[in-house]
file input31.cif (mmCIF, C-alpha atoms)
data_input
loop_
_atom_site.group_PDB
_atom_site.id
_atom_site.type_symbol
_atom_site.label_atom_id
_atom_site.label_comp_id
_atom_site.auth_asym_id
_atom_site.auth_seq_id
_atom_site.Cartn_x
_atom_site.Cartn_y
_atom_site.Cartn_z
ATOM 1 C CA MET C 27 -80.224 42.605 0.494
ATOM 2 C CA ALA C 28 -83.837 42.168 1.546
ATOM 3 C CA GLU C 29 -83.997 45.924 2.134
ATOM 4 C CA ARG C 30 -82.891 46.341 -1.467
ATOM 5 C CA GLY C 31 -85.768 44.282 -2.800
ATOM 6 C CA PHE C 32 -84.289 40.797 -2.950
ATOM 7 C CA ALA C 33 -85.947 37.709 -1.499
ATOM 8 C CA ALA C 34 -83.162 36.579 0.839
ATOM 9 C CA ILE C 35 -82.635 33.553 3.049
ATOM 10 C CA ALA C 36 -79.844 33.347 5.631
ATOM 11 C CA PHE C 37 -79.181 29.952 7.164
ATOM 12 C CA ASP C 38 -76.955 28.390 9.787
ATOM 13 C CA PRO C 39 -74.808 25.613 8.316
ATOM 14 C CA SER C 40 -75.495 22.045 9.395
ATOM 15 C CA TYR C 41 -74.326 21.141 12.915
ATOM 16 C CA THR C 42 -74.095 24.784 14.029
ATOM 17 C CA GLY C 43 -76.383 27.447 15.451
ATOM 18 C CA GLU C 44 -80.074 26.773 14.874
ATOM 19 C CA SER C 45 -79.449 24.020 12.316
ATOM 20 C CA GLY C 46 -79.659 20.400 13.424
ATOM 21 C CA GLY C 47 -77.241 17.517 13.347
ATOM 22 C CA GLU C 48 -74.869 15.726 15.706
ATOM 23 C CA PRO C 49 -72.145 16.045 16.762
ATOM 24 C CA ARG C 50 -72.315 19.787 17.192
ATOM 25 C CA ASN C 51 -69.772 22.268 15.891
ATOM 26 C CA VAL C 52 -68.574 20.330 12.868
ATOM 27 C CA ALA C 53 -67.889 21.797 9.431
ATOM 28 C CA SER C 54 -67.668 19.711 6.283
ATOM 29 C CA PRO C 55 -66.632 20.610 2.727
ATOM 30 C CA ASP C 56 -69.287 18.228 1.401
ATOM 31 C CA ILE C 57 -72.166 18.858 3.787
ATOM 32 C CA ASN C 58 -71.732 22.626 3.900
ATOM 33 C CA THR C 59 -71.588 22.775 0.111
ATOM 34 C CA GLU C 60 -74.829 20.792 0.101
ATOM 35 C CA ASP C 61 -76.329 23.313 2.545
ATOM 36 C CA PHE C 62 -76.258 25.959 -0.194
ATOM 37 C CA SER C 63 -78.033 23.666 -2.633
ATOM 38 C CA ALA C 64 -80.611 22.812 0.032
ATOM 39 C CA ALA C 65 -81.298 26.534 0.429
ATOM 40 C CA VAL C 66 -81.751 26.788 -3.349
ATOM 41 C CA ASP C 67 -84.172 23.839 -3.148
ATOM 42 C CA TYR C 68 -86.214 25.732 -0.558
ATOM 43 C CA LEU C 69 -86.188 29.032 -2.423
ATOM 44 C CA GLY C 70 -87.318 27.319 -5.617
ATOM 45 C CA LEU C 71 -90.433 26.039 -3.852
ATOM 46 C CA GLN C 72 -91.599 29.535 -2.918
ATOM 47 C CA ALA C 73 -94.267 30.880 -5.233
ATOM 48 C CA PHE C 74 -92.848 34.411 -5.109
ATOM 49 C CA VAL C 75 -89.339 33.310 -6.200
ATOM 50 C CA ASP C 76 -88.289 33.099 -9.848
ATOM 51 C CA ARG C 77 -86.288 29.879 -10.059
ATOM 52 C CA GLU C 78 -84.276 31.248 -12.945
ATOM 53 C CA ARG C 79 -83.057 34.272 -10.959
ATOM 54 C CA ILE C 80 -81.373 32.794 -7.883
ATOM 55 C CA GLY C 81 -77.980 34.060 -6.704
ATOM 56 C CA VAL C 82 -75.740 33.051 -3.798
ATOM 57 C CA THR C 83 -73.587 35.071 -1.407
ATOM 58 C CA GLY C 84 -70.978 33.438 0.834
ATOM 59 C CA ILE C 85 -68.929 35.152 3.531
ATOM 60 C CA CYS C 86 -65.535 34.145 4.949
ATOM 61 C CA GLY C 87 -65.188 30.339 5.073
ATOM 62 C CA TRP C 88 -68.592 29.956 3.509
ATOM 63 C CA GLY C 89 -67.420 32.099 0.634
ATOM 64 C CA GLY C 90 -65.250 29.224 -0.533
ATOM 65 C CA MET C 91 -68.094 26.794 0.044
ATOM 66 C CA ALA C 92 -70.423 29.046 -1.962
ATOM 67 C CA LEU C 93 -68.044 28.981 -4.929
ATOM 68 C CA ASN C 94 -67.826 25.190 -4.642
ATOM 69 C CA ALA C 95 -71.618 24.897 -4.520
ATOM 70 C CA VAL C 96 -72.221 27.167 -7.488
ATOM 71 C CA ALA C 97 -69.657 25.300 -9.594
ATOM 72 C CA VAL C 98 -71.783 22.164 -9.291
ATOM 73 C CA ASP C 99 -75.305 23.604 -8.906
ATOM 74 C CA LYS C 100 -76.248 25.093 -12.251
ATOM 75 C CA ARG C 101 -79.525 26.474 -10.896
ATOM 76 C CA VAL C 102 -77.567 29.357 -9.365
ATOM 77 C CA LYS C 103 -77.122 32.169 -11.878
ATOM 78 C CA ALA C 104 -74.597 34.406 -10.096
ATOM 79 C CA VAL C 105 -72.364 34.280 -7.019
ATOM 80 C CA VAL C 106 -70.700 36.762 -4.676
ATOM 81 C CA ALA C 107 -67.967 35.745 -2.230
ATOM 82 C CA VAL C 108 -67.096 38.311 0.416
ATOM 83 C CA THR C 109 -63.827 38.263 2.411
ATOM 84 C CA MET C 110 -63.500 34.669 1.228
ATOM 85 C CA TYR C 111 -61.484 31.912 2.888
ATOM 86 C CA ASP C 112 -60.586 28.735 1.039
ATOM 87 C CA MET C 113 -60.808 26.520 4.120
ATOM 88 C CA THR C 114 -59.580 23.447 2.266
ATOM 89 C CA ARG C 115 -56.414 25.285 1.281
ATOM 90 C CA VAL C 116 -55.647 26.817 4.662
ATOM 91 C CA MET C 117 -56.329 23.581 6.564
ATOM 92 C CA ALA C 118 -54.281 21.519 4.125
ATOM 93 C CA LYS C 119 -51.375 23.932 3.656
ATOM 94 C CA GLY C 120 -51.557 26.560 6.394
ATOM 95 C CA TYR C 121 -51.560 30.302 5.871
ATOM 96 C CA ASN C 122 -49.712 31.324 2.726
ATOM 97 C CA ASP C 123 -49.156 27.623 1.997
ATOM 98 C CA SER C 124 -46.442 27.485 4.667
ATOM 99 C CA VAL C 125 -47.039 23.948 6.029
ATOM 100 C CA THR C 126 -44.431 21.396 4.990
ATOM 101 C CA LEU C 127 -45.229 17.829 3.997
ATOM 102 C CA GLU C 128 -43.657 16.644 7.258
ATOM 103 C CA GLN C 129 -45.897 18.964 9.289
ATOM 104 C CA ARG C 130 -48.975 17.942 7.317
ATOM 105 C CA THR C 131 -48.193 14.261 7.810
ATOM 106 C CA GLN C 132 -47.704 14.740 11.552
ATOM 107 C CA MET C 133 -51.016 16.591 11.827
ATOM 108 C CA LEU C 134 -52.851 13.863 9.927
ATOM 109 C CA GLU C 135 -51.293 11.198 12.173
ATOM 110 C CA GLN C 136 -52.520 13.018 15.282
ATOM 111 C CA LEU C 137 -55.995 13.729 13.956
ATOM 112 C CA SER C 138 -56.436 10.203 12.633
ATOM 113 C CA ARG C 139 -55.597 8.704 16.032
ATOM 114 C CA GLN C 140 -57.884 11.211 17.725
ATOM 115 C CA ARG C 141 -60.751 9.487 15.915
ATOM 116 C CA TRP C 142 -60.091 6.290 17.932
ATOM 117 C CA GLU C 143 -60.119 8.296 21.160
ATOM 118 C CA ASP C 144 -63.406 9.910 20.157
ATOM 119 C CA ALA C 145 -64.877 6.538 19.191
ATOM 120 C CA GLU C 146 -63.837 4.956 22.492
ATOM 121 C CA ARG C 147 -65.360 7.824 24.461
ATOM 122 C CA GLY C 148 -68.466 8.003 22.289
ATOM 123 C CA THR C 149 -68.222 11.770 21.880
ATOM 124 C CA PRO C 150 -65.852 14.038 19.978
ATOM 125 C CA ALA C 151 -63.109 16.020 21.642
ATOM 126 C CA TYR C 152 -63.333 19.773 21.236
ATOM 127 C CA GLY C 153 -60.557 22.306 21.020
ATOM 128 C CA PRO C 154 -60.137 25.295 23.362
ATOM 129 C CA PRO C 155 -62.699 28.115 23.154
ATOM 130 C CA MET C 156 -62.288 30.111 19.987
ATOM 131 C CA ASN C 157 -60.852 33.614 19.701
ATOM 132 C CA GLU C 158 -59.595 34.074 23.257
ATOM 133 C CA LEU C 159 -56.477 36.220 23.525
ATOM 134 C CA LYS C 160 -53.460 35.496 25.716
ATOM 135 C CA GLY C 161 -51.232 38.249 24.348
ATOM 136 C CA GLY C 162 -48.866 38.463 21.429
ATOM 137 C CA GLU C 163 -51.303 37.211 18.792
ATOM 138 C CA ALA C 164 -51.166 38.312 15.177
ATOM 139 C CA GLN C 165 -53.361 41.295 14.342
ATOM 140 C CA PHE C 166 -55.898 39.223 12.389
ATOM 141 C CA LEU C 167 -56.515 37.102 15.508
ATOM 142 C CA VAL C 168 -57.069 40.291 17.499
ATOM 143 C CA ASP C 169 -59.533 41.371 14.806
ATOM 144 C CA TYR C 170 -61.413 38.080 15.157
ATOM 145 C CA HIS C 171 -61.605 38.570 18.922
ATOM 146 C CA ASP C 172 -62.884 42.107 18.464
ATOM 147 C CA TYR C 173 -65.724 40.762 16.341
ATOM 148 C CA TYR C 174 -66.710 37.434 17.886
ATOM 149 C CA LYS C 175 -65.991 38.157 21.553
ATOM 150 C CA THR C 176 -67.564 41.603 21.867
ATOM 151 C CA PRO C 177 -71.153 42.820 21.512
ATOM 152 C CA ARG C 178 -70.275 43.667 17.922
ATOM 153 C CA GLY C 179 -70.627 40.035 16.804
ATOM 154 C CA PHE C 180 -70.992 37.819 19.884
ATOM 155 C CA HIS C 181 -73.748 35.215 19.915
ATOM 156 C CA PRO C 182 -74.121 32.511 22.584
ATOM 157 C CA ARG C 183 -74.729 29.818 19.957
ATOM 158 C CA SER C 184 -71.898 30.890 17.659
ATOM 159 C CA VAL C 185 -69.017 28.419 17.564
ATOM 160 C CA ASN C 186 -66.523 31.225 17.084
ATOM 161 C CA SER C 187 -67.996 33.304 19.920
ATOM 162 C CA ASN C 188 -68.685 30.877 22.695
ATOM 163 C CA ALA C 189 -67.472 27.379 21.861
ATOM 164 C CA SER C 190 -65.008 25.470 19.675
ATOM 165 C CA TRP C 191 -64.901 23.085 16.737
ATOM 166 C CA THR C 192 -64.208 19.380 17.088
ATOM 167 C CA VAL C 193 -60.510 18.521 17.188
ATOM 168 C CA THR C 194 -60.862 16.291 14.118
ATOM 169 C CA ASN C 195 -62.765 18.924 12.140
ATOM 170 C CA PRO C 196 -59.849 19.662 9.742
ATOM 171 C CA LEU C 197 -59.603 16.078 8.461
ATOM 172 C CA SER C 198 -62.302 16.233 5.808
ATOM 173 C CA PHE C 199 -60.951 19.542 4.458
ATOM 174 C CA MET C 200 -57.370 18.430 4.034
ATOM 175 C CA ASN C 201 -57.722 16.485 0.776
ATOM 176 C CA MET C 202 -60.808 18.034 -0.836
ATOM 177 C CA PRO C 203 -59.742 21.287 -2.505
ATOM 178 C CA PHE C 204 -62.783 23.524 -3.032
ATOM 179 C CA LEU C 205 -61.716 25.427 -6.071
ATOM 180 C CA SER C 206 -60.726 22.566 -8.386
ATOM 181 C CA TYR C 207 -63.735 23.309 -10.594
ATOM 182 C CA ILE C 208 -63.989 27.072 -10.203
ATOM 183 C CA LYS C 209 -63.776 27.551 -13.976
ATOM 184 C CA GLU C 210 -67.126 25.726 -14.283
ATOM 185 C CA ILE C 211 -68.927 28.616 -12.630
ATOM 186 C CA ALA C 212 -68.624 30.379 -15.990
ATOM 187 C CA PRO C 213 -70.444 31.605 -17.974
ATOM 188 C CA ARG C 214 -72.355 32.639 -14.874
ATOM 189 C CA PRO C 215 -70.878 35.829 -13.354
ATOM 190 C CA MET C 216 -68.801 35.923 -10.189
ATOM 191 C CA LEU C 217 -67.950 38.845 -7.914
ATOM 192 C CA LEU C 218 -65.165 38.471 -5.341
ATOM 193 C CA ILE C 219 -64.900 41.182 -2.666
ATOM 194 C CA HIS C 220 -62.016 41.517 -0.239
ATOM 195 C CA GLY C 221 -60.447 44.046 2.073
ATOM 196 C CA GLU C 222 -57.232 45.760 1.046
ATOM 197 C CA LYS C 223 -55.658 45.053 4.445
ATOM 198 C CA ALA C 224 -57.110 41.574 4.992
ATOM 199 C CA HIS C 225 -54.617 38.815 5.823
ATOM 200 C CA SER C 226 -56.848 36.550 3.714
ATOM 201 C CA ARG C 227 -56.796 38.697 0.589
ATOM 202 C CA TYR C 228 -54.678 36.173 -1.312
ATOM 203 C CA PHE C 229 -57.543 33.659 -1.247
ATOM 204 C CA SER C 230 -59.720 35.907 -3.413
ATOM 205 C CA GLU C 231 -56.828 36.954 -5.622
ATOM 206 C CA THR C 232 -55.805 33.393 -6.461
ATOM 207 C CA ALA C 233 -59.430 32.322 -6.900
ATOM 208 C CA PHE C 234 -59.969 35.233 -9.264
ATOM 209 C CA ALA C 235 -56.887 34.267 -11.269
ATOM 210 C CA ALA C 236 -58.105 30.667 -11.561
ATOM 211 C CA ALA C 237 -61.707 31.521 -12.514
ATOM 212 C CA ALA C 238 -63.004 32.028 -16.025
ATOM 213 C CA GLU C 239 -64.809 35.115 -17.308
ATOM 214 C CA PRO C 240 -67.107 36.790 -16.496
ATOM 215 C CA LYS C 241 -65.497 37.629 -13.170
ATOM 216 C CA GLU C 242 -64.856 40.714 -11.051
ATOM 217 C CA LEU C 243 -62.526 41.370 -8.114
ATOM 218 C CA LEU C 244 -63.367 44.337 -5.889
ATOM 219 C CA ILE C 245 -60.793 45.382 -3.262
ATOM 220 C CA ILE C 246 -62.182 47.619 -0.517
ATOM 221 C CA THR C 247 -59.687 50.331 0.419
ATOM 222 C CA GLY C 248 -58.557 50.238 4.050
ATOM 223 C CA ALA C 249 -60.720 47.252 5.042
ATOM 224 C CA ASN C 250 -59.440 44.278 7.013
ATOM 225 C CA HIS C 251 -60.937 40.794 6.994
ATOM 226 C CA VAL C 252 -63.707 41.232 9.573
ATOM 227 C CA ASP C 253 -64.668 44.739 8.432
ATOM 228 C CA LEU C 254 -66.607 43.090 5.616
ATOM 229 C CA TYR C 255 -68.639 41.051 8.084
ATOM 230 C CA ASP C 256 -70.600 43.993 9.427
ATOM 231 C CA ARG C 257 -69.159 47.456 8.809
ATOM 232 C CA LYS C 258 -71.969 49.081 6.873
ATOM 233 C CA ASP C 259 -69.674 51.845 5.672
ATOM 234 C CA LYS C 260 -67.323 49.276 4.124
ATOM 235 C CA VAL C 261 -69.556 46.426 2.931
ATOM 236 C CA PRO C 262 -70.436 47.470 -0.639
ATOM 237 C CA PHE C 263 -74.143 46.642 -0.453
ATOM 238 C CA ASP C 264 -75.074 48.862 -3.375
ATOM 239 C CA ARG C 265 -72.372 47.285 -5.514
ATOM 240 C CA ILE C 266 -73.608 43.784 -4.629
ATOM 241 C CA ALA C 267 -77.198 44.787 -5.377
ATOM 242 C CA GLU C 268 -76.136 46.231 -8.720
ATOM 243 C CA PHE C 269 -74.218 43.041 -9.552
ATOM 244 C CA PHE C 270 -77.169 40.770 -8.784
ATOM 245 C CA GLY C 271 -79.629 43.129 -10.449
ATOM 246 C CA ARG C 272 -77.564 42.973 -13.620
ATOM 247 C CA SER C 273 -76.650 39.287 -13.420
ATOM 248 C CA LEU C 274 -80.024 37.835 -12.480
#
call {"tool": "encode", "arguments": {"input": "input31.cif", "output": "structure tokens"}}
result
Amino acid sequence: MAERGFAAIAFDPSYTGESGGEPRNVASPDINTEDFSAAVDYLGLQAFVDRERIGVTGICGWGGMALNAVAVDKRVKAVVAVTMYDMTRVMAKGYNDSVTLEQRTQMLEQLSRQRWEDAERGTPAYGPPMNELKGGEAQFLVDYHDYYKTPRGFHPRSVNSNASWTVTNPLSFMNMPFLSYIKEIAPRPMLLIHGEKAHSRYFSETAFAAAAEPKELLIITGANHVDLYDRKDKVPFDRIAEFFGRSL
């Protein structure tokens, strides 16, 4: 986007990568929503930035957080969510809303008690390293491995490449649905972009159905979920630039 003439800031969410905060490798529906507004704070202090022409782009799990942030932060004038995950939905209900109430209750029991174990030890427990394959995984998990665990997308300080999230990380997501106020993004425009073959496509489709106009849903032919992370022949940069150029 910077190459297309936009002033752009990319940031690591709190508790990950180059951002600060302890414990490490924690995500939060509240804090990570706030991260977007903090970036808007920073941009608005730059003399070369027009405060009335700020847009937001969120990718994957931070696509859902971007929509949540823009719903509440009226300074943002347009939003794009690419290959979006609604992490509150998938953690609360599983993929395709397949988790039963009994399963959800059992998970919450386990995670709640894990907090006592963490408190007694004075440090959080972490899950197994992310995106390692043992054989027989679903294709979308193979796709994640092919991105995060290869030179294509590996980074030594990436949670999904070289570490894991805290075991209790899902707790805060499980009763805070992101998209409750998605209609309040309007009348500011929204563009949702997803791959035709992405396992996560239903997140964008249901978000689009719930949102108010003006809204656009762009499905990229032949693309899977991770293709829209980095495949320059599939990420519709020109379309995104045109959207922001028109909307801002």
call {"tool": "atom_distance", "arguments": {"input": "input31.cif", "atom1": "atom CA of C:Gln140", "atom2": "atom CA of C:Thr194"}}
result
6.9 Å
call {"tool": "closest_residue", "arguments": {"input": "input31.cif", "among": "C:Thr126, C:Thr83, C:Asn51, C:Ser40", "to": "C:Val66", "atoms": "only C-alpha atoms"}}
result
C:Thr83
call {"tool": "residues_around", "arguments": {"input": "input31.cif", "residues": "C:Ala237", "least_positions_apart": "2", "cutoff": "10 Å", "atoms": "all atoms listed in the file", "output": "list in words"}}
result
Leu205, Ser206, Tyr207, Ile208, Lys209, Glu210, Ile211, Ala212, Met216, Thr232, Ala233, Phe234, Ala235, Glu239, Pro240, Lys241 and Glu242 of chain C
call {"tool": "closest_residue", "arguments": {"input": "input31.cif", "among": "C:Ala238, C:Phe62, C:Ser230, C:Glu78", "to": "C:Ala107", "atoms": "only C-alpha atoms"}}
result
C:Ser230
call {"tool": "closest_residue", "arguments": {"input": "input31.cif", "among": "C:Ser63, C:Ser124, C:Asn201, C:Thr114", "to": "C:Val96", "atoms": "only C-alpha atoms"}}
result
C:Ser63
call {"tool": "closest_residue", "arguments": {"input": "input31.cif", "among": "C:Glu231, C:Asp112, C:Asp61, C:Glu128", "to": "C:Ala95", "atoms": "only C-alpha atoms"}}
result
C:Asp61
call {"tool": "residues_around", "arguments": {"input": "input31.cif", "residues": "C:Lys260", "least_positions_apart": "4", "cutoff": "7 Å", "atoms": "only C-alpha atoms", "output": "list in words"}}
result
Ala249, Asp253 and Leu254 of chain C
call {"tool": "axis_aligned_box", "arguments": {"input": "input31.cif", "around": "stretch 174-185 of chain C", "padding_each_side": "3 Å", "output": "AutoDock Vina command-line options"}}
result
--center_x -70.4 --center_y 36.0 --center_z 19.7 --size_x 14.7 --size_y 21.2 --size_z 11.8
call {"tool": "build_atoms", "arguments": {"input": "input31.cif", "residues": "stretch 147-158 of chain C", "atoms": "all heavy atoms", "output": "PDB file, in the coordinates of the input"}}
result
ATOM      1  N   ARG C 147     -64.624   7.015  23.495  1.00  0.00           N
ATOM      2  CA  ARG C 147     -65.360   7.824  24.461  1.00  0.00           C
ATOM      3  C   ARG C 147     -66.817   7.986  24.059  1.00  0.00           C
ATOM      4  O   ARG C 147     -67.691   8.265  24.896  1.00  0.00           O
ATOM      5  CB  ARG C 147     -64.667   9.184  24.586  1.00  0.00           C
ATOM      6  CG  ARG C 147     -65.175  10.050  25.724  1.00  0.00           C
ATOM      7  CD  ARG C 147     -64.326  11.289  25.930  1.00  0.00           C
ATOM      8  NE  ARG C 147     -64.125  12.002  24.674  1.00  0.00           N
ATOM      9  CZ  ARG C 147     -62.963  12.071  24.042  1.00  0.00           C
ATOM     10  NH1 ARG C 147     -61.899  11.462  24.531  1.00  0.00           N
ATOM     11  NH2 ARG C 147     -62.860  12.753  22.911  1.00  0.00           N
ATOM     12  N   GLY C 148     -67.100   7.849  22.765  1.00  0.00           N
ATOM     13  CA  GLY C 148     -68.466   8.003  22.289  1.00  0.00           C
ATOM     14  C   GLY C 148     -68.880   9.438  22.065  1.00  0.00           C
ATOM     15  O   GLY C 148     -70.051   9.727  21.816  1.00  0.00           O
ATOM     16  N   THR C 149     -67.929  10.357  22.113  1.00  0.00           N
ATOM     17  CA  THR C 149     -68.222  11.770  21.880  1.00  0.00           C
ATOM     18  C   THR C 149     -66.953  12.440  21.375  1.00  0.00           C
ATOM     19  O   THR C 149     -65.844  12.046  21.768  1.00  0.00           O
ATOM     20  CB  THR C 149     -68.713  12.468  23.163  1.00  0.00           C
ATOM     21  OG1 THR C 149     -69.082  13.816  22.862  1.00  0.00           O
ATOM     22  CG2 THR C 149     -67.656  12.462  24.243  1.00  0.00           C
ATOM     23  N   PRO C 150     -67.061  13.416  20.512  1.00  0.00           N
ATOM     24  CA  PRO C 150     -65.852  14.038  19.978  1.00  0.00           C
ATOM     25  C   PRO C 150     -65.171  14.938  20.991  1.00  0.00           C
ATOM     26  O   PRO C 150     -65.826  15.538  21.852  1.00  0.00           O
ATOM     27  CB  PRO C 150     -66.368  14.846  18.785  1.00  0.00           C
ATOM     28  CG  PRO C 150     -67.785  15.156  19.131  1.00  0.00           C
ATOM     29  CD  PRO C 150     -68.289  13.966  19.894  1.00  0.00           C
ATOM     30  N   ALA C 151     -63.858  15.035  20.875  1.00  0.00           N
ATOM     31  CA  ALA C 151     -63.109  16.020  21.642  1.00  0.00           C
ATOM     32  C   ALA C 151     -63.220  17.374  20.950  1.00  0.00           C
ATOM     33  O   ALA C 151     -63.284  17.456  19.724  1.00  0.00           O
ATOM     34  CB  ALA C 151     -61.647  15.606  21.740  1.00  0.00           C
ATOM     35  N   TYR C 152     -63.259  18.416  21.762  1.00  0.00           N
ATOM     36  CA  TYR C 152     -63.333  19.773  21.236  1.00  0.00           C
ATOM     37  C   TYR C 152     -62.075  20.538  21.605  1.00  0.00           C
ATOM     38  O   TYR C 152     -61.456  20.288  22.648  1.00  0.00           O
ATOM     39  CB  TYR C 152     -64.559  20.506  21.787  1.00  0.00           C
ATOM     40  CG  TYR C 152     -65.848  19.972  21.229  1.00  0.00           C
ATOM     41  CD1 TYR C 152     -66.513  18.907  21.849  1.00  0.00           C
ATOM     42  CD2 TYR C 152     -66.403  20.506  20.075  1.00  0.00           C
ATOM     43  CE1 TYR C 152     -67.698  18.394  21.320  1.00  0.00           C
ATOM     44  CE2 TYR C 152     -67.587  20.005  19.542  1.00  0.00           C
ATOM     45  CZ  TYR C 152     -68.217  18.954  20.170  1.00  0.00           C
ATOM     46  OH  TYR C 152     -69.378  18.449  19.643  1.00  0.00           O
ATOM     47  N   GLY C 153     -61.704  21.464  20.752  1.00  0.00           N
ATOM     48  CA  GLY C 153     -60.557  22.306  21.020  1.00  0.00           C
ATOM     49  C   GLY C 153     -60.870  23.353  22.077  1.00  0.00           C
ATOM     50  O   GLY C 153     -61.984  23.411  22.610  1.00  0.00           O
ATOM     51  N   PRO C 154     -59.898  24.216  22.400  1.00  0.00           N
ATOM     52  CA  PRO C 154     -60.137  25.295  23.362  1.00  0.00           C
ATOM     53  C   PRO C 154     -61.114  26.306  22.790  1.00  0.00           C
ATOM     54  O   PRO C 154     -61.309  26.381  21.577  1.00  0.00           O
ATOM     55  CB  PRO C 154     -58.745  25.906  23.554  1.00  0.00           C
ATOM     56  CG  PRO C 154     -58.011  25.573  22.298  1.00  0.00           C
ATOM     57  CD  PRO C 154     -58.528  24.240  21.852  1.00  0.00           C
ATOM     58  N   PRO C 155     -61.769  27.089  23.645  1.00  0.00           N
ATOM     59  CA  PRO C 155     -62.699  28.115  23.154  1.00  0.00           C
ATOM     60  C   PRO C 155     -62.034  29.004  22.115  1.00  0.00           C
ATOM     61  O   PRO C 155     -60.859  29.368  22.230  1.00  0.00           O
ATOM     62  CB  PRO C 155     -63.066  28.893  24.421  1.00  0.00           C
ATOM     63  CG  PRO C 155     -62.850  27.914  25.531  1.00  0.00           C
ATOM     64  CD  PRO C 155     -61.688  27.069  25.118  1.00  0.00           C
ATOM     65  N   MET C 156     -62.808  29.341  21.115  1.00  0.00           N
ATOM     66  CA  MET C 156     -62.288  30.111  19.987  1.00  0.00           C
ATOM     67  C   MET C 156     -62.077  31.579  20.353  1.00  0.00           C
ATOM     68  O   MET C 156     -62.814  32.159  21.155  1.00  0.00           O
ATOM     69  CB  MET C 156     -63.260  30.028  18.809  1.00  0.00           C
ATOM     70  CG  MET C 156     -63.462  28.626  18.257  1.00  0.00           C
ATOM     71  SD  MET C 156     -62.016  28.002  17.401  1.00  0.00           S
ATOM     72  CE  MET C 156     -61.966  29.099  15.985  1.00  0.00           C
ATOM     73  N   ASN C 157     -61.057  32.168  19.735  1.00  0.00           N
ATOM     74  CA  ASN C 157     -60.852  33.614  19.701  1.00  0.00           C
ATOM     75  C   ASN C 157     -60.623  34.255  21.067  1.00  0.00           C
ATOM     76  O   ASN C 157     -60.956  35.419  21.273  1.00  0.00           O
ATOM     77  CB  ASN C 157     -62.028  34.293  18.981  1.00  0.00           C
ATOM     78  CG  ASN C 157     -62.121  33.856  17.538  1.00  0.00           C
ATOM     79  OD1 ASN C 157     -61.153  33.937  16.797  1.00  0.00           O
ATOM     80  ND2 ASN C 157     -63.283  33.365  17.139  1.00  0.00           N
ATOM     81  N   GLU C 158     -60.032  33.489  22.003  1.00  0.00           N
ATOM     82  CA  GLU C 158     -59.595  34.074  23.257  1.00  0.00           C
ATOM     83  C   GLU C 158     -58.144  34.499  23.119  1.00  0.00           C
ATOM     84  O   GLU C 158     -57.330  33.781  22.538  1.00  0.00           O
ATOM     85  CB  GLU C 158     -59.774  33.073  24.401  1.00  0.00           C
ATOM     86  CG  GLU C 158     -61.240  32.771  24.691  1.00  0.00           C
ATOM     87  CD  GLU C 158     -61.428  31.979  25.975  1.00  0.00           C
ATOM     88  OE1 GLU C 158     -60.426  31.424  26.484  1.00  0.00           O
ATOM     89  OE2 GLU C 158     -62.571  31.906  26.455  1.00  0.00           O
TER      90      GLU C 158
END
